[in-house]
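**Student:** Encoded as structure tokens, here's the structure I'll be asking about.
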Amino acid sequence: MSTPADAAPPPSYKGWAGIRRAFGTPAAATMAALGFGCGLPFLLIASMTLSTRLRDAGLQLSDIGLISLASFFYLLKFAWAPLIDRYALPGLAFLGRRRSWLIASQMVVGLGLAALALVRPEDGVFALVAWVLVASFAGATQDSVVDAYRIEIAPAEAQAALAATYTLGYRIGLILSGAGALYLAEFRDWRFAYLAMAALMAIPLVATLLSREPVAPVVSVQRRIDVVGAFWQPFSSFFATNGIALGAALLVFVGLFKFPDQVIGVMAGPFYLDSGYTKADIATVSKLYGVWTGIAGAFLGGIAVAAFGFRRMLLCAAIGVALSNLAFLLMAQYPSQIWAFYAAITADNLFQGFAGTVLVAFMSSLTDRAFTATQFALLVSLANLPGKFAGGASGYLVENTSYGTFFVLSALTVIPTLAVLAWLWPRIADAPQRDGVP
């Protein structure tokens with residue numbers, strides 16, 4: 001019998017050999033399939049494809065911005081994540097704690113997309129908003145479970161690689177729900193496009209059935225079994241680990257990091273249409289070429305974090321995302337020019353992909369495996385919350401100024417992010433270790 005003294009050492013993830021090992025783990029392939037399921041519904045219920053559809057139906061920019069807030073469940077998923085951390089879903093518990101929630105949420109997402117296919121926005125938006133609420137709740141639940149699954153299925157040193165393969169699947173989902181849906185809407189109609197996207201949710205559903213349940217982590221804290229403990233303890237544990245000042249600064253930094261990118265998301269589709277591009281142009285450049293550029297950025301981010309650590313990469317990513325917003329000024333100055341479209345999308349998606357992987361690796365390092373889903377859901381919600389609510393008012397800003405002014409102001413929002421990072425710089429380390437993490 002082996003003892004701890006003579007047991008084989010865990011595999012190393014250092015250097016280029018470690019990078020290859022991390023990307024080659026079976027969990028990486030699983031995360032690509034689950035990432036696809038998370039990416040597929042997002043544009044259809046919370047971002048560009050939905051806003052393009054609404055603009056195509058004749059809705060005003062201000063109304064589109066407000067309707068986008070119906071997907072707010074993506075911002076509040078930390079509120080029910082303690083239940084996901086603590087319990088298997090009744091009726092599907094035989095699948096395991098993580099997979100039971102995944103199966104149910106994936107099925108409801110597919111149902112919500114099918115229902116949205118039958119809705120006509122031009123006849124009223126009540127039914128559309130109702131089904132967006134249903135689909136966004138299920139999509140947010142799916143995201144929370146997948147994030148927890150990723151952190152629990154592999155060691156901390158492999159998390160950047162898993163984030164990259166997750167992003168690969170996620171962005172392929174964006175290709176199909178962006179470019180694919182727009183092509184289908186252009187050459188058929190929106191109903192057919194949404195039904196096709198609903199059918200594609202079978203892919204992550206099958207992947208979940210074929211995947212293995214993560215081994216329950218060995219936790220370093222005693223989890224309370226009462227309701228108050230289930231909801232409060234993940235948050236108190238975060239501040240107990242980091243302290244009040246550092247913990248608050250980390251949460252503020254995460255909340256500000258993606259703000260320049262998030263704030264322009266709602267207006268992207270209407271801006272492309274108003275700049276004279278067809279739905280086919282938008283599909284080809286933004287949601288086909290652009291998504292593959294984002295995938296390249298995501299893998300570059302994964303390699304960079306593995307090689308250099310996340311601290312310096314956070315600085316590069318924050319500046320890059322803000323500057324990439326200024327690339328849209330080319331489109332504002334040269335409307336209908338395809339070269340300007342390609343230039344802006346190259347900068348935007350490359351830095352989006354890079355920053356996304358860097359941020360996921362950083363947030364994973366802050367997560368205690370005793371409360372994986374809850375703490376990571378809180379961090380992800382914070383990463384999207386400020387920009388999402390600001391995006392809801394973006395239509396009013398554009399209507400009263402201009403698209404050019406909007407993009408300049410969005411780039412300047414990086415200043416508070418850099419100020420908080422400067423304070424954090426000597427207080428955070430690159431070693432991705434937390435309580436309960438191997």
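All residue names refer to the structure tokens as shown: chains lettered A, B, ... in order, residues numbered from 1 in each chain, ligands numbered from 1 in order.
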Can you tell me which residues surround A:Ala248 at a distance of at most 12 Å, considering only C-alpha atoms, apart from same-chain residues fewer than 2 positions away, and format the answer as an MDAnalysis selection string?
**Tutor:** chainID A and resid 235:236 238:246 250:255 379 382 420 423:424
**Student:** Output the selection as a PDB file, in the first residue's frame - N, CA and C atoms for each residue.
**Tutor:**
ATOM      1  N   PHE A 235     -19.942  34.356   1.937  1.00  0.00           N
ATOM      2  CA  PHE A 235     -19.502  35.743   1.883  1.00  0.00           C
ATOM      3  C   PHE A 235     -18.610  36.082   3.072  1.00  0.00           C
ATOM      4  N   SER A 236     -18.999  35.608   4.266  1.00  0.00           N
ATOM      5  CA  SER A 236     -18.161  35.874   5.440  1.00  0.00           C
ATOM      6  C   SER A 236     -16.813  35.179   5.302  1.00  0.00           C
ATOM      7  N   PHE A 238     -15.162  34.686   2.522  1.00  0.00           N
ATOM      8  CA  PHE A 238     -14.339  35.466   1.598  1.00  0.00           C
ATOM      9  C   PHE A 238     -13.618  36.596   2.331  1.00  0.00           C
ATOM     10  N   PHE A 239     -14.343  37.312   3.184  1.00  0.00           N
ATOM     11  CA  PHE A 239     -13.732  38.425   3.909  1.00  0.00           C
ATOM     12  C   PHE A 239     -12.837  37.931   5.042  1.00  0.00           C
ATOM     13  N   ALA A 240     -13.132  36.767   5.609  1.00  0.00           N
ATOM     14  CA  ALA A 240     -12.246  36.209   6.625  1.00  0.00           C
ATOM     15  C   ALA A 240     -10.898  35.840   6.024  1.00  0.00           C
ATOM     16  N   THR A 241     -10.910  35.372   4.780  1.00  0.00           N
ATOM     17  CA  THR A 241      -9.669  35.000   4.105  1.00  0.00           C
ATOM     18  C   THR A 241      -8.852  36.216   3.701  1.00  0.00           C
ATOM     19  N   ASN A 242      -9.523  37.252   3.195  1.00  0.00           N
ATOM     20  CA  ASN A 242      -8.822  38.397   2.621  1.00  0.00           C
ATOM     21  C   ASN A 242      -8.748  39.612   3.528  1.00  0.00           C
ATOM     22  N   GLY A 243      -9.601  39.672   4.547  1.00  0.00           N
ATOM     23  CA  GLY A 243      -9.712  40.883   5.342  1.00  0.00           C
ATOM     24  C   GLY A 243     -10.727  41.827   4.706  1.00  0.00           C
ATOM     25  N   ILE A 244     -11.242  42.749   5.512  1.00  0.00           N
ATOM     26  CA  ILE A 244     -12.299  43.635   5.036  1.00  0.00           C
ATOM     27  C   ILE A 244     -11.801  44.562   3.926  1.00  0.00           C
ATOM     28  N   ALA A 245     -10.679  45.241   4.150  1.00  0.00           N
ATOM     29  CA  ALA A 245     -10.201  46.233   3.183  1.00  0.00           C
ATOM     30  C   ALA A 245      -9.805  45.581   1.866  1.00  0.00           C
ATOM     31  N   LEU A 246      -8.971  44.528   1.934  1.00  0.00           N
ATOM     32  CA  LEU A 246      -8.537  43.863   0.704  1.00  0.00           C
ATOM     33  C   LEU A 246      -9.708  43.187   0.009  1.00  0.00           C
ATOM     34  N   LEU A 250     -10.895  44.004  -3.765  1.00  0.00           N
ATOM     35  CA  LEU A 250     -10.953  42.960  -4.793  1.00  0.00           C
ATOM     36  C   LEU A 250     -12.315  42.947  -5.477  1.00  0.00           C
ATOM     37  N   LEU A 251     -13.380  43.079  -4.706  1.00  0.00           N
ATOM     38  CA  LEU A 251     -14.717  43.077  -5.291  1.00  0.00           C
ATOM     39  C   LEU A 251     -14.938  44.308  -6.175  1.00  0.00           C
ATOM     40  N   VAL A 252     -14.456  45.465  -5.735  1.00  0.00           N
ATOM     41  CA  VAL A 252     -14.582  46.679  -6.541  1.00  0.00           C
ATOM     42  C   VAL A 252     -13.801  46.532  -7.840  1.00  0.00           C
ATOM     43  N   PHE A 253     -12.600  45.984  -7.747  1.00  0.00           N
ATOM     44  CA  PHE A 253     -11.775  45.820  -8.954  1.00  0.00           C
ATOM     45  C   PHE A 253     -12.449  44.886  -9.954  1.00  0.00           C
ATOM     46  N   VAL A 254     -12.947  43.758  -9.479  1.00  0.00           N
ATOM     47  CA  VAL A 254     -13.644  42.829 -10.376  1.00  0.00           C
ATOM     48  C   VAL A 254     -14.855  43.504 -11.013  1.00  0.00           C
ATOM     49  N   GLY A 255     -15.587  44.311 -10.225  1.00  0.00           N
ATOM     50  CA  GLY A 255     -16.755  44.993 -10.756  1.00  0.00           C
ATOM     51  C   GLY A 255     -16.440  46.021 -11.818  1.00  0.00           C
ATOM     52  N   LEU A 379     -18.450  36.825  -7.914  1.00  0.00           N
ATOM     53  CA  LEU A 379     -17.417  37.542  -8.651  1.00  0.00           C
ATOM     54  C   LEU A 379     -17.840  37.788 -10.101  1.00  0.00           C
ATOM     55  N   LEU A 382     -20.513  40.473 -10.206  1.00  0.00           N
ATOM     56  CA  LEU A 382     -19.900  41.789 -10.015  1.00  0.00           C
ATOM     57  C   LEU A 382     -19.165  42.247 -11.267  1.00  0.00           C
ATOM     58  N   VAL A 420      -7.650  51.363  -8.704  1.00  0.00           N
ATOM     59  CA  VAL A 420      -7.807  50.277  -7.739  1.00  0.00           C
ATOM     60  C   VAL A 420      -6.702  49.238  -7.917  1.00  0.00           C
ATOM     61  N   TRP A 423      -3.567  50.188  -6.156  1.00  0.00           N
ATOM     62  CA  TRP A 423      -3.607  49.926  -4.712  1.00  0.00           C
ATOM     63  C   TRP A 423      -3.432  48.438  -4.420  1.00  0.00           C
ATOM     64  N   LEU A 424      -4.004  47.582  -5.287  1.00  0.00           N
ATOM     65  CA  LEU A 424      -3.932  46.141  -5.077  1.00  0.00           C
ATOM     66  C   LEU A 424      -2.557  45.559  -5.406  1.00  0.00           C
TER      67      LEU A 424
END
**Student:** Please build the interface table for stretch 38-156 of chain A against stretch 281-285 of chain A with a cut-off of 12 Å, listing for each qualifying residue the nearest atom pair and the distance in Å to one decimal; count only C-alpha atoms, order rows by chain and increasing number, and write it as a Markdown table.
**Tutor:**
| residue | atom | partner | partner_atom | distance |
| --- | --- | --- | --- | --- |
| A:Met48 | CA | A:Ile282 | CA | 10.3 |
| A:Thr49 | CA | A:Ala283 | CA | 9.7 |
| A:Thr52 | CA | A:Ile282 | CA | 9.8 |
**Student:** So that I have them on file, write out the residues from the current selection with C-alpha atoms, as a short mmCIF file (atom, residue, chain, number, x, y, z; two decimals), in the first residue's frame.
**Tutor:**
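Once everything was written out, this is result.cif:
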data_model
loop_
_atom_site.label_atom_id
_atom_site.label_comp_id
_atom_site.auth_asym_id
_atom_site.auth_seq_id
_atom_site.Cartn_x
_atom_site.Cartn_y
_atom_site.Cartn_z
CA MET A 48 -26.37 41.77 -29.54
CA THR A 49 -28.55 39.27 -31.40
CA THR A 52 -30.45 43.54 -33.44
#
**Student:** Would you kindly return, as a PyMOL selection string, each protein, DNA or RNA residue with an atom no farther than 12 Å from any atom of A:Asp56, considering only C-alpha atoms and excluding same-chain residues fewer than 6 positions away?
**Tutor:** chain A and resi 48-50+64+120-122+182+185-186+189-190+269-270+272-274+278-279
**Student:** Pick out the closest residue to A:Leu174 from this set: A:Ile151, A:Leu326, A:Leu288, A:Ala429. Count only C-alpha atoms.
**Tutor:** A:Leu288
**Student:** Find, counting only C-alpha atoms, the residue in A:Ala140, A:Leu61, A:Ala373, A:Val414 that gets nearest to A:Ala81.
**Tutor:**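 Of A:Ala140, A:Leu61, A:Ala373, A:Val414, the one nearest A:Ala81, counting only C-alpha atoms, is A:Ala373.
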